[in-house]
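What follows is the content of my_file-v8.tsv, which has TSV, C-alpha atoms:
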chain	number	residue	atom	x	y	z
A	1	MET	CA	-85.04	26.56	-239.03
A	2	THR	CA	-81.46	26.01	-240.03
A	3	ASP	CA	-79.44	28.58	-238.22
A	4	PHE	CA	-76.01	29.03	-239.63
A	5	THR	CA	-74.09	28.90	-236.37
A	6	SER	CA	-75.24	25.38	-235.70
A	7	LEU	CA	-74.16	24.23	-239.12
A	8	PHE	CA	-70.51	23.98	-238.31
A	9	ALA	CA	-70.80	23.29	-234.62
A	10	ALA	CA	-70.27	19.86	-233.19
A	11	GLY	CA	-73.14	17.45	-232.74
A	12	VAL	CA	-73.78	18.88	-229.31
A	13	PRO	CA	-76.33	21.73	-229.14
A	14	SER	CA	-75.10	25.17	-230.00
A	15	ARG	CA	-75.87	28.15	-227.85
A	16	ALA	CA	-78.83	29.07	-230.02
A	17	GLN	CA	-80.26	25.58	-229.84
A	18	ALA	CA	-79.54	25.45	-226.16
A	19	LEU	CA	-81.61	28.53	-225.48
A	20	ARG	CA	-84.48	26.76	-227.13
A	21	GLY	CA	-83.99	23.41	-225.46
A	22	GLY	CA	-82.26	24.12	-222.15
A	23	VAL	CA	-81.81	20.64	-220.75
A	24	ALA	CA	-79.79	19.10	-223.53
A	25	TYR	CA	-77.52	22.09	-223.45
A	26	ARG	CA	-76.88	21.86	-219.74
A	27	LEU	CA	-76.07	18.18	-220.10
A	28	HIS	CA	-73.25	19.11	-222.39
A	29	ARG	CA	-70.00	19.74	-220.61
A	30	GLY	CA	-70.22	23.48	-220.71
A	31	LYS	CA	-70.57	26.20	-223.20
A	32	HIS	CA	-69.20	26.77	-226.61
A	33	MET	CA	-65.67	25.53	-227.00
A	34	ALA	CA	-63.25	27.75	-225.18
A	35	SER	CA	-60.49	29.37	-227.20
A	36	HIS	CA	-58.14	27.63	-224.80
A	37	GLU	CA	-59.28	24.33	-226.26
A	38	LEU	CA	-58.48	25.56	-229.76
A	39	TRP	CA	-54.96	26.44	-228.70
A	40	MET	CA	-54.57	23.02	-227.14
A	41	THR	CA	-55.74	21.47	-230.40
A	42	ALA	CA	-52.98	23.32	-232.23
A	43	VAL	CA	-50.39	22.28	-229.65
A	44	ARG	CA	-51.47	18.66	-229.83
A	45	ALA	CA	-51.34	18.78	-233.62
A	46	VAL	CA	-47.73	19.96	-233.48
A	47	ALA	CA	-46.86	17.28	-230.92
A	48	VAL	CA	-48.49	14.58	-233.02
A	49	TYR	CA	-46.58	15.82	-236.05
A	50	GLY	CA	-43.32	15.43	-234.16
A	51	LEU	CA	-44.29	11.99	-232.94
A	52	ALA	CA	-45.29	10.80	-236.41
A	53	LEU	CA	-42.04	12.09	-237.84
A	54	LEU	CA	-40.06	10.28	-235.16
A	55	VAL	CA	-41.92	7.02	-235.69
A	56	ILE	CA	-41.44	7.12	-239.45
A	57	ARG	CA	-37.75	7.89	-239.17
A	58	ILE	CA	-37.23	5.04	-236.73
A	59	MET	CA	-39.23	2.52	-238.73
A	60	GLY	CA	-37.01	3.14	-241.71
A	61	LYS	CA	-37.41	4.13	-245.29
A	62	ARG	CA	-38.77	0.99	-246.78
A	63	THR	CA	-41.68	0.88	-244.37
A	64	VAL	CA	-43.66	3.32	-246.40
A	65	GLY	CA	-41.93	3.51	-249.74
A	66	ASN	CA	-41.88	-0.18	-250.39
A	67	PHE	CA	-45.35	-0.91	-249.17
A	68	THR	CA	-46.45	-4.39	-248.37
A	69	ALA	CA	-50.10	-4.90	-247.56
A	70	PHE	CA	-49.21	-5.16	-243.92
A	71	ASP	CA	-47.23	-1.91	-243.95
A	72	LEU	CA	-50.31	-0.19	-245.29
A	73	LEU	CA	-52.39	-1.71	-242.54
A	74	VAL	CA	-49.97	-0.44	-239.92
A	75	ALA	CA	-50.01	3.05	-241.43
A	76	LEU	CA	-53.81	3.06	-241.40
A	77	MET	CA	-53.83	1.91	-237.81
A	78	LEU	CA	-51.52	4.70	-236.78
A	79	GLY	CA	-53.67	7.21	-238.67
A	80	GLU	CA	-56.77	6.06	-236.84
A	81	VAL	CA	-55.32	6.69	-233.42
A	82	VAL	CA	-53.87	10.04	-234.26
A	83	ASP	CA	-57.02	12.08	-234.91
A	84	GLU	CA	-58.42	11.31	-231.49
A	85	ILE	CA	-55.23	12.56	-229.90
A	86	ILE	CA	-55.37	15.81	-231.84
A	87	TYR	CA	-59.01	16.42	-230.95
A	88	GLY	CA	-58.22	15.66	-227.34
A	89	GLU	CA	-60.61	12.73	-227.07
A	90	VAL	CA	-57.78	10.53	-225.91
A	91	PRO	CA	-55.10	11.82	-223.53
A	92	PHE	CA	-51.85	12.47	-225.35
A	93	VAL	CA	-49.86	9.99	-223.30
A	94	GLN	CA	-52.33	7.19	-223.97
A	95	GLY	CA	-52.32	7.87	-227.67
A	96	ALA	CA	-48.55	8.09	-227.76
A	97	VAL	CA	-48.28	4.73	-225.99
A	98	ALA	CA	-50.61	3.16	-228.56
A	99	ILE	CA	-48.63	4.58	-231.45
A	100	LEU	CA	-45.25	3.64	-230.02
A	101	THR	CA	-46.47	0.12	-229.27
A	102	ILE	CA	-47.70	-0.44	-232.81
A	103	ALA	CA	-44.49	1.05	-234.17
A	104	SER	CA	-42.32	-1.17	-231.94
A	105	ALA	CA	-44.24	-4.27	-232.94
A	106	HIS	CA	-43.72	-3.38	-236.58
A	107	TYR	CA	-40.05	-2.73	-235.93
A	108	ALA	CA	-39.64	-6.06	-234.14
A	109	ASN	CA	-41.40	-7.73	-237.04
A	110	SER	CA	-38.83	-6.42	-239.49
A	111	TRP	CA	-36.00	-7.58	-237.23
A	112	LEU	CA	-37.44	-11.06	-237.08
A	113	SER	CA	-37.72	-11.30	-240.83
A	114	TYR	CA	-34.18	-9.96	-241.12
A	115	TRP	CA	-32.70	-12.56	-238.80
A	116	GLY	CA	-34.59	-15.76	-239.36
A	117	HIS	CA	-35.31	-17.53	-242.58
A	118	GLY	CA	-38.39	-19.19	-241.24
A	119	PHE	CA	-39.79	-15.91	-239.98
A	120	ASP	CA	-38.99	-14.30	-243.27
A	121	LYS	CA	-41.31	-16.67	-245.06
A	122	LEU	CA	-43.92	-16.69	-242.35
A	123	LEU	CA	-44.22	-12.92	-242.01
A	124	GLU	CA	-43.76	-11.82	-245.57
A	125	GLY	CA	-44.74	-14.79	-247.65
A	126	THR	CA	-42.86	-16.05	-250.68
A	127	PRO	CA	-42.98	-14.89	-254.28
A	128	THR	CA	-45.29	-16.82	-256.61
A	129	VAL	CA	-44.14	-17.78	-260.08
A	130	VAL	CA	-46.76	-16.95	-262.74
A	131	VAL	CA	-44.64	-17.36	-265.89
A	132	ARG	CA	-41.67	-19.66	-266.36
A	133	ASP	CA	-39.78	-19.97	-269.65
A	134	GLY	CA	-42.61	-18.48	-271.63
A	135	GLN	CA	-45.20	-20.78	-270.12
A	136	LEU	CA	-48.03	-19.50	-267.95
A	137	GLN	CA	-47.97	-21.26	-264.61
A	138	ARG	CA	-51.60	-22.05	-263.87
A	139	LYS	CA	-50.89	-23.14	-260.32
A	140	GLY	CA	-49.25	-19.86	-259.36
A	141	MET	CA	-51.89	-17.85	-261.19
A	142	ARG	CA	-54.60	-19.65	-259.29
A	143	ALA	CA	-52.85	-18.98	-256.01
A	144	GLU	CA	-52.72	-15.27	-256.83
A	145	ARG	CA	-56.15	-15.33	-258.48
A	146	MET	CA	-54.80	-13.82	-261.68
A	147	ASN	CA	-56.14	-14.62	-265.12
A	148	GLU	CA	-54.12	-14.62	-268.32
A	149	ASN	CA	-55.16	-11.07	-269.21
A	150	GLU	CA	-53.91	-9.75	-265.91
A	151	VAL	CA	-50.62	-11.56	-266.26
A	152	ARG	CA	-50.16	-10.17	-269.75
A	153	ALA	CA	-51.04	-6.69	-268.53
A	154	GLU	CA	-48.38	-6.97	-265.83
A	155	LEU	CA	-45.84	-8.12	-268.41
A	156	ARG	CA	-46.70	-5.17	-270.66
A	157	LEU	CA	-46.17	-2.84	-267.72
A	158	ASN	CA	-42.69	-4.35	-267.60
A	159	ASP	CA	-42.24	-3.65	-271.33
A	160	VAL	CA	-42.69	-7.27	-272.35
A	161	ASP	CA	-45.22	-8.11	-275.04
A	162	ASP	CA	-44.09	-11.57	-276.06
A	163	LEU	CA	-44.50	-14.31	-273.49
A	164	GLU	CA	-41.52	-16.10	-275.04
A	165	GLU	CA	-39.19	-13.42	-273.73
A	166	VAL	CA	-40.01	-14.19	-270.14
A	167	ARG	CA	-37.76	-16.48	-268.18
A	168	LEU	CA	-39.46	-15.87	-264.86
A	169	ALA	CA	-42.32	-13.61	-263.80
A	170	MET	CA	-43.20	-13.58	-260.15
A	171	VAL	CA	-45.73	-11.88	-257.93
A	172	GLU	CA	-43.47	-10.54	-255.21
A	173	THR	CA	-44.43	-10.23	-251.57
A	174	ASP	CA	-45.23	-6.54	-252.03
A	175	GLY	CA	-47.81	-7.50	-254.65
A	176	GLN	CA	-45.85	-6.19	-257.61
A	177	VAL	CA	-44.85	-8.41	-260.47
A	178	SER	CA	-41.18	-8.73	-261.29
A	179	VAL	CA	-40.09	-9.96	-264.70
A	180	LEU	CA	-36.77	-11.60	-265.53
A	181	ARG	CA	-36.22	-11.94	-269.26
A	182	GLN	CA	-34.48	-14.68	-271.15
A	183	GLU	CA	-30.86	-13.83	-271.68
A	184	TRP	CA	-31.46	-13.24	-275.43
A	185	ALA	CA	-34.34	-10.86	-274.71
A	186	ARG	CA	-32.48	-8.60	-272.32
A	187	THR	CA	-31.57	-5.05	-273.25
A	188	LEU	CA	-28.33	-4.73	-275.18
A	189	GLN	CA	-25.49	-3.75	-272.90
A	190	LYS	CA	-22.18	-2.06	-273.55
A	191	TRP	CA	-20.14	-5.22	-273.17
A	192	ASP	CA	-22.29	-7.01	-275.72
A	193	LEU	CA	-20.79	-4.62	-278.24
A	194	VAL	CA	-17.25	-4.51	-276.87
A	195	PRO	CA	-16.68	-7.77	-275.02
A	196	ASP	CA	-13.29	-6.79	-273.62
A	197	ALA	CA	-15.01	-4.03	-271.68
A	198	HIS	CA	-16.02	-6.59	-269.12
A	199	PRO	CA	-13.36	-7.30	-266.46
A	200	LYS	CA	-14.17	-10.98	-266.26
A	201	SER	CA	-15.29	-11.37	-269.87
A	202	ARG	CA	-17.88	-13.88	-268.94
A	203	PRO	CA	-19.23	-15.90	-271.84
A	204	ARG	CA	-22.67	-14.92	-272.97
A	205	THR	CA	-25.24	-17.33	-274.32
B	1	MET	CA	-78.48	15.67	-238.05
B	2	HIS	CA	-80.06	16.94	-241.21
B	3	PRO	CA	-78.56	15.46	-244.40
B	4	THR	CA	-78.11	18.90	-245.94
B	5	HIS	CA	-75.89	19.85	-243.00
B	6	ILE	CA	-73.62	16.95	-243.79
B	7	ALA	CA	-73.61	17.92	-247.46
B	8	VAL	CA	-72.60	21.47	-246.60
B	9	ARG	CA	-69.90	20.23	-244.27
B	10	ALA	CA	-68.60	17.79	-246.85
B	11	LEU	CA	-68.41	20.53	-249.45
B	12	ALA	CA	-66.68	22.91	-247.05
B	13	ALA	CA	-64.17	20.24	-246.01
B	14	PHE	CA	-63.54	19.33	-249.62
B	15	LEU	CA	-62.77	22.91	-250.56
B	16	PHE	CA	-60.62	23.48	-247.51
B	17	LEU	CA	-58.54	20.36	-248.14
B	18	LEU	CA	-58.30	21.21	-251.82
B	19	ILE	CA	-56.86	24.60	-250.92
B	20	LEU	CA	-54.43	23.03	-248.44
B	21	LEU	CA	-53.27	20.55	-251.04
B	22	ARG	CA	-52.82	23.17	-253.74
B	23	LEU	CA	-50.84	25.32	-251.32
B	24	SER	CA	-48.60	22.37	-250.49
B	25	GLY	CA	-47.71	22.11	-254.19
B	26	LYS	CA	-47.93	18.34	-254.32
B	27	ARG	CA	-49.33	16.96	-257.53
B	28	ALA	CA	-49.05	13.23	-257.49
B	29	VAL	CA	-48.97	10.47	-254.96
B	30	ALA	CA	-45.75	9.27	-256.54
B	31	GLN	CA	-44.07	12.50	-255.50
B	32	ALA	CA	-45.14	12.09	-251.94
B	33	SER	CA	-42.68	11.05	-249.28
B	34	PRO	CA	-43.69	8.44	-246.73
B	35	PHE	CA	-44.37	11.23	-244.35
B	36	ASP	CA	-46.64	13.06	-246.81
B	37	PHE	CA	-48.62	9.89	-247.03
B	38	VAL	CA	-49.06	9.57	-243.29
B	39	LEU	CA	-50.07	13.21	-243.05
B	40	ALA	CA	-52.70	12.66	-245.72
B	41	LEU	CA	-54.03	9.78	-243.65
B	42	ILE	CA	-54.19	11.97	-240.57
B	43	LEU	CA	-55.97	14.74	-242.44
B	44	GLY	CA	-58.49	12.22	-243.69
B	45	GLU	CA	-59.18	11.12	-240.16
B	46	LEU	CA	-59.57	14.70	-238.98
B	47	VAL	CA	-62.13	15.39	-241.69
B	48	ASP	CA	-64.07	12.28	-240.81
B	49	LYS	CA	-64.90	13.58	-237.33
B	50	PHE	CA	-65.88	16.95	-238.74
B	51	LEU	CA	-68.21	15.52	-241.37
B	52	THR	CA	-70.22	13.62	-238.82
B	53	ALA	CA	-70.26	16.59	-236.48
B	54	ARG	CA	-68.27	15.00	-233.72
B	55	VAL	CA	-66.05	18.07	-233.59
B	56	GLU	CA	-66.65	21.73	-234.23
B	57	ALA	CA	-65.64	23.33	-237.47
B	58	ARG	CA	-63.21	25.63	-235.69
B	59	GLN	CA	-61.41	22.75	-234.05
B	60	PHE	CA	-61.11	20.93	-237.36
B	61	LEU	CA	-59.79	24.05	-239.06
B	62	VAL	CA	-57.22	24.58	-236.34
B	63	ALA	CA	-56.11	20.94	-236.32
B	64	ALA	CA	-55.82	20.53	-240.09
B	65	GLY	CA	-54.39	24.01	-240.53
B	66	THR	CA	-51.72	23.54	-237.89
B	67	LEU	CA	-50.61	20.20	-239.28
B	68	SER	CA	-50.33	21.61	-242.79
B	69	LEU	CA	-48.50	24.68	-241.53
B	70	VAL	CA	-45.95	22.66	-239.61
B	71	HIS	CA	-45.49	20.38	-242.58
B	72	GLY	CA	-45.02	23.35	-244.87
B	73	PHE	CA	-42.49	24.74	-242.45
B	74	THR	CA	-40.46	21.52	-242.34
B	75	SER	CA	-40.34	21.27	-246.12
B	76	VAL	CA	-39.18	24.87	-246.42
B	77	ALA	CA	-36.62	24.27	-243.69
B	78	SER	CA	-35.30	21.09	-245.28
B	79	HIS	CA	-34.79	22.97	-248.52
B	80	ALA	CA	-32.89	25.65	-246.68
B	81	SER	CA	-30.72	23.44	-244.50
B	82	HIS	CA	-29.06	20.17	-245.47
B	83	ALA	CA	-28.65	19.17	-241.87
B	84	PHE	CA	-32.33	19.61	-241.21
B	85	ALA	CA	-33.20	17.66	-244.36
B	86	ARG	CA	-30.97	14.84	-243.17
B	87	PHE	CA	-32.75	14.87	-239.86
B	88	VAL	CA	-36.22	14.77	-241.39
B	89	GLU	CA	-35.66	12.51	-244.38
B	90	GLY	CA	-32.59	10.48	-243.51
B	91	GLU	CA	-29.98	9.65	-246.11
B	92	PRO	CA	-29.88	7.23	-249.02
B	93	VAL	CA	-28.20	3.97	-248.04
B	94	VAL	CA	-26.01	1.98	-250.42
B	95	PHE	CA	-26.69	-1.66	-249.60
B	96	GLN	CA	-24.94	-3.32	-252.50
B	97	ARG	CA	-21.80	-2.30	-254.32
B	98	GLY	CA	-20.25	-4.15	-257.26
B	99	GLY	CA	-22.46	-7.16	-256.66
B	100	VAL	CA	-21.39	-7.44	-253.04
B	101	PRO	CA	-23.96	-6.78	-250.31
B	102	ILE	CA	-22.92	-4.44	-247.51
B	103	PRO	CA	-23.89	-6.18	-244.25
B	104	ALA	CA	-23.89	-3.09	-242.03
B	105	ALA	CA	-26.27	-1.29	-244.38
B	106	LEU	CA	-28.55	-4.31	-244.63
B	107	ARG	CA	-28.68	-4.61	-240.87
B	108	GLY	CA	-29.35	-0.90	-240.49
B	109	GLU	CA	-32.36	-1.07	-242.76
B	110	ARG	CA	-33.25	-4.61	-241.70
B	111	LEU	CA	-33.19	-5.85	-245.27
B	112	SER	CA	-33.10	-9.62	-245.53
B	113	GLY	CA	-31.29	-11.36	-248.35
B	114	GLY	CA	-34.63	-12.34	-249.81
B	115	GLU	CA	-35.74	-8.73	-249.91
B	116	VAL	CA	-32.56	-7.62	-251.64
B	117	GLN	CA	-33.09	-10.28	-254.29
B	118	GLU	CA	-36.66	-9.12	-254.68
B	119	MET	CA	-35.53	-5.55	-255.19
B	120	LEU	CA	-33.04	-6.61	-257.83
B	121	ARG	CA	-35.71	-8.68	-259.56
B	122	HIS	CA	-37.87	-5.59	-259.76
B	123	HIS	CA	-35.02	-4.15	-261.80
B	124	GLY	CA	-34.98	-7.21	-264.01
B	125	LEU	CA	-31.84	-8.63	-262.44
B	126	ASP	CA	-31.38	-12.22	-261.41
B	127	PRO	CA	-29.21	-12.88	-258.34
B	128	THR	CA	-26.62	-14.26	-260.76
B	129	ASP	CA	-26.56	-10.87	-262.51
B	130	ALA	CA	-25.76	-9.09	-259.27
B	131	ASP	CA	-22.23	-8.31	-260.47
B	132	GLU	CA	-23.76	-5.96	-263.04
B	133	VAL	CA	-24.79	-3.64	-260.24
B	134	ALA	CA	-22.45	-0.78	-259.46
B	135	GLU	CA	-24.50	0.53	-256.58
B	136	ALA	CA	-27.93	-0.32	-255.26
B	137	ARG	CA	-29.41	2.28	-252.98
B	138	LEU	CA	-32.38	2.55	-250.74
B	139	GLU	CA	-33.44	6.13	-251.37
B	140	THR	CA	-35.09	8.28	-248.73
B	141	SER	CA	-38.38	7.93	-250.56
B	142	GLY	CA	-38.22	4.21	-249.86
B	143	HIS	CA	-37.62	3.36	-253.51
B	144	VAL	CA	-34.64	1.34	-254.65
B	145	SER	CA	-32.33	2.74	-257.29
B	146	VAL	CA	-29.85	0.59	-259.14
B	147	THR	CA	-26.93	1.92	-261.16
B	148	ALA	CA	-25.15	-0.44	-263.52
B	149	GLN	CA	-21.41	-1.01	-263.89
B	150	GLY	CA	-19.96	0.87	-266.84
B	151	TRP	CA	-19.72	-2.29	-268.94
B	152	ALA	CA	-23.22	-3.41	-268.03
B	153	ARG	CA	-24.97	-0.18	-268.88
B	154	GLU	CA	-27.49	-0.23	-271.66
B	155	ALA	CA	-26.07	0.25	-275.12
B	156	GLN	CA	-26.65	3.73	-276.46
B	157	LYS	CA	-26.86	5.34	-279.87
B	158	SER	CA	-23.32	6.60	-279.37
B	159	ASP	CA	-22.09	3.00	-279.31
B	160	ALA	CA	-23.17	2.46	-282.90
B	161	PRO	CA	-20.02	3.88	-284.55
B	162	ARG	CA	-17.87	1.42	-282.60
B	163	VAL	CA	-20.00	-1.46	-283.78
B	164	ARG	CA	-19.82	-0.24	-287.35
B	165	ALA	CA	-16.03	0.09	-287.05
B	166	LEU	CA	-15.79	-3.51	-285.84
B	167	ARG	CA	-17.87	-4.68	-288.73
B	168	THR	CA	-15.77	-2.97	-291.40
B	169	ARG	CA	-12.59	-4.43	-289.90
B	170	THR	CA	-13.77	-8.02	-290.33
Please render this file's structure as structure tokens.
Amino acid sequence: MTDFTSLFAAGVPSRAQALRGGVAYRLHRGKHMASHELWMTAVRAVAVYGLALLVIRIMGKRTVGNFTAFDLLVALMLGEVVDEIIYGEVPFVQGAVAILTIASAHYANSWLSYWGHGFDKLLEGTPTVVVRDGQLQRKGMRAERMNENEVRAELRLNDVDDLEEVRLAMVETDGQVSVLRQEWARTLQKWDLVPDAHPKSRPRT
Amino acid sequence: MHPTHIAVRALAAFLFLLILLRLSGKRAVAQASPFDFVLALILGELVDKFLTARVEARQFLVAAGTLSLVHGFTSVASHASHAFARFVEGEPVVFQRGGVPIPAALRGERLSGGEVQEMLRHHGLDPTDADEVAEARLETSGHVSVTAQGWAREAQKSDAPRVRALRTRT
């Protein structure tokens, strides 16, 4: 009884189904979707595209490139609103207000963390030390729920195999692990070879 | 709704999106700009309504197709015109030069001192090593690039003769 036209129609009865079951069809707002509605869908899609572009440009580069968990959440939130605007289930203005409000809140958030030290820590958290001077820091690992294998994997991803080489490894607020090596384990630099190359010739240990 | 209907829809949507993605020429998430990412999110949401038959196939096709078309158009246009690319993607911002932060740039991107330090740490640099940085940039992709001062660049194979020369002198 599967008729092909109903396969790709919306959950509301298609014309063919409607002829069979009259009432349900008449309850639906009208007939098959008018071509006018399809055009409006296209127009709304273009408008939403413009709006999304604007929002992303205003929120700045790091918002999406340098993802924190919260940035991701905001992006998901914006994505959720947008499809209903395109399909015309929510009036464009309403949807735009929702998007702009979320975007402004996110923008204000980044201003607060830029200005205030307290806010900085409150909104973004602080990095957690997991290795210090070659020693695993159990306290930090517990706080980040990382075991030794995971820590070592993160170090390997930073090209460090030997724990001894690590001066400081931290889980940063964006969830990535940064590794600072002991001075002796750092990559050889030009001025290590020709000390006078360095303007200040700082002593190296 | 019959489960097979959903299966057919899912398959159709899968193929359609696959075609769109192949046409867009993007291969990896890493290549994607922030905006690509948001568009992918939007497309995902559009599909969702189609799968569960809350919108008609035609409307989904039009919506997803239009978005992809417009996006394709902007990427072609930003290749053709620098001004347009600047408008769409913005420009890289140098926020630290020669170990000295540039306040105006930091304010513009709302980068706190803590965040700058974090970015340098991701490049294996302690705040005390900041003078090794020639220029630190926030690229339009949102990634941070760090170029080292000439003297602080990594040693290269071509430096070996100089080292050998020093050794023979002593």
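The coordinates place CA of Val93 in chain B at 5.4 Å from CA of Arg137 in chain B.
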When you draw a straight line from CA of Glu115 in chain B to CA of Leu122 in chain A, how long is it in Å? 13.7 Å
Which residue is closest to Val100 in chain B? Choose from B:Ala155, B:Ala63, B:Ala130, B:Ile6 and count all atoms listed in the file. B:Ala130
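Counting all atoms listed in the file, every residue of chain B that comes within 6 Å of chain A is listed here: Pro34, Leu41, Ile42, Glu45, Leu46, Ala53, Arg54, Val55, Glu56, Ala57, Gln59, Ala63, Thr66, Leu67, Arg110, Leu111, Ser112, Arg121, His122, Gly124, Thr140, Ser141, Gly142, His143, Trp151, Ala152, Arg153, Glu154 and Ala155 of chain B.
For the pair CA of Ala148 in chain B and CA of Glu132 in chain B, the interatomic distance is 5.7 Å.
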Return the padded bounding box of range 117-127 of chain A as lines of an AutoDock Vina configuration file: axis-aligned, built from all atoms listed in the file, 5 Å added on each side, with centre and edge lengths in Å to one decimal.
center_x = -40.0
center_y = -15.5
center_z = -247.1
size_x = 19.4
size_y = 17.4
size_z = 24.3
From the list B:Ala77, B:Leu106, B:Arg97, B:Ala13, which residue is nearest Phe60 in chain B when using only C-alpha atoms? B:Ala13
10 Å contact set for Asn147 in chain A, all atoms listed in the file, chain neighbours under 3 positions out, as JSON, numbers by chain: {"A": [130, 136, 138, 141, 142, 144, 150, 151, 152]}
Find the residue from A:Gly134, A:Ala105, A:Val171, A:Ala185 that sits nearest to Asp159 in chain A; use only C-alpha atoms when measuring. A:Ala185
Within 10 Å of (-33.0, 12.5, -244.8) in the file's own coordinates, which protein, DNA or RNA residues have an atom, counting all atoms listed in the file? List them as number ranges by chain. A: 57, 61; B: 78, 82-92, 139-141
Considering only C-alpha atoms, can you say which of B:Leu43, B:Thr52, B:Leu20, B:Arg167 comes closest to His2 in chain B? B:Thr52
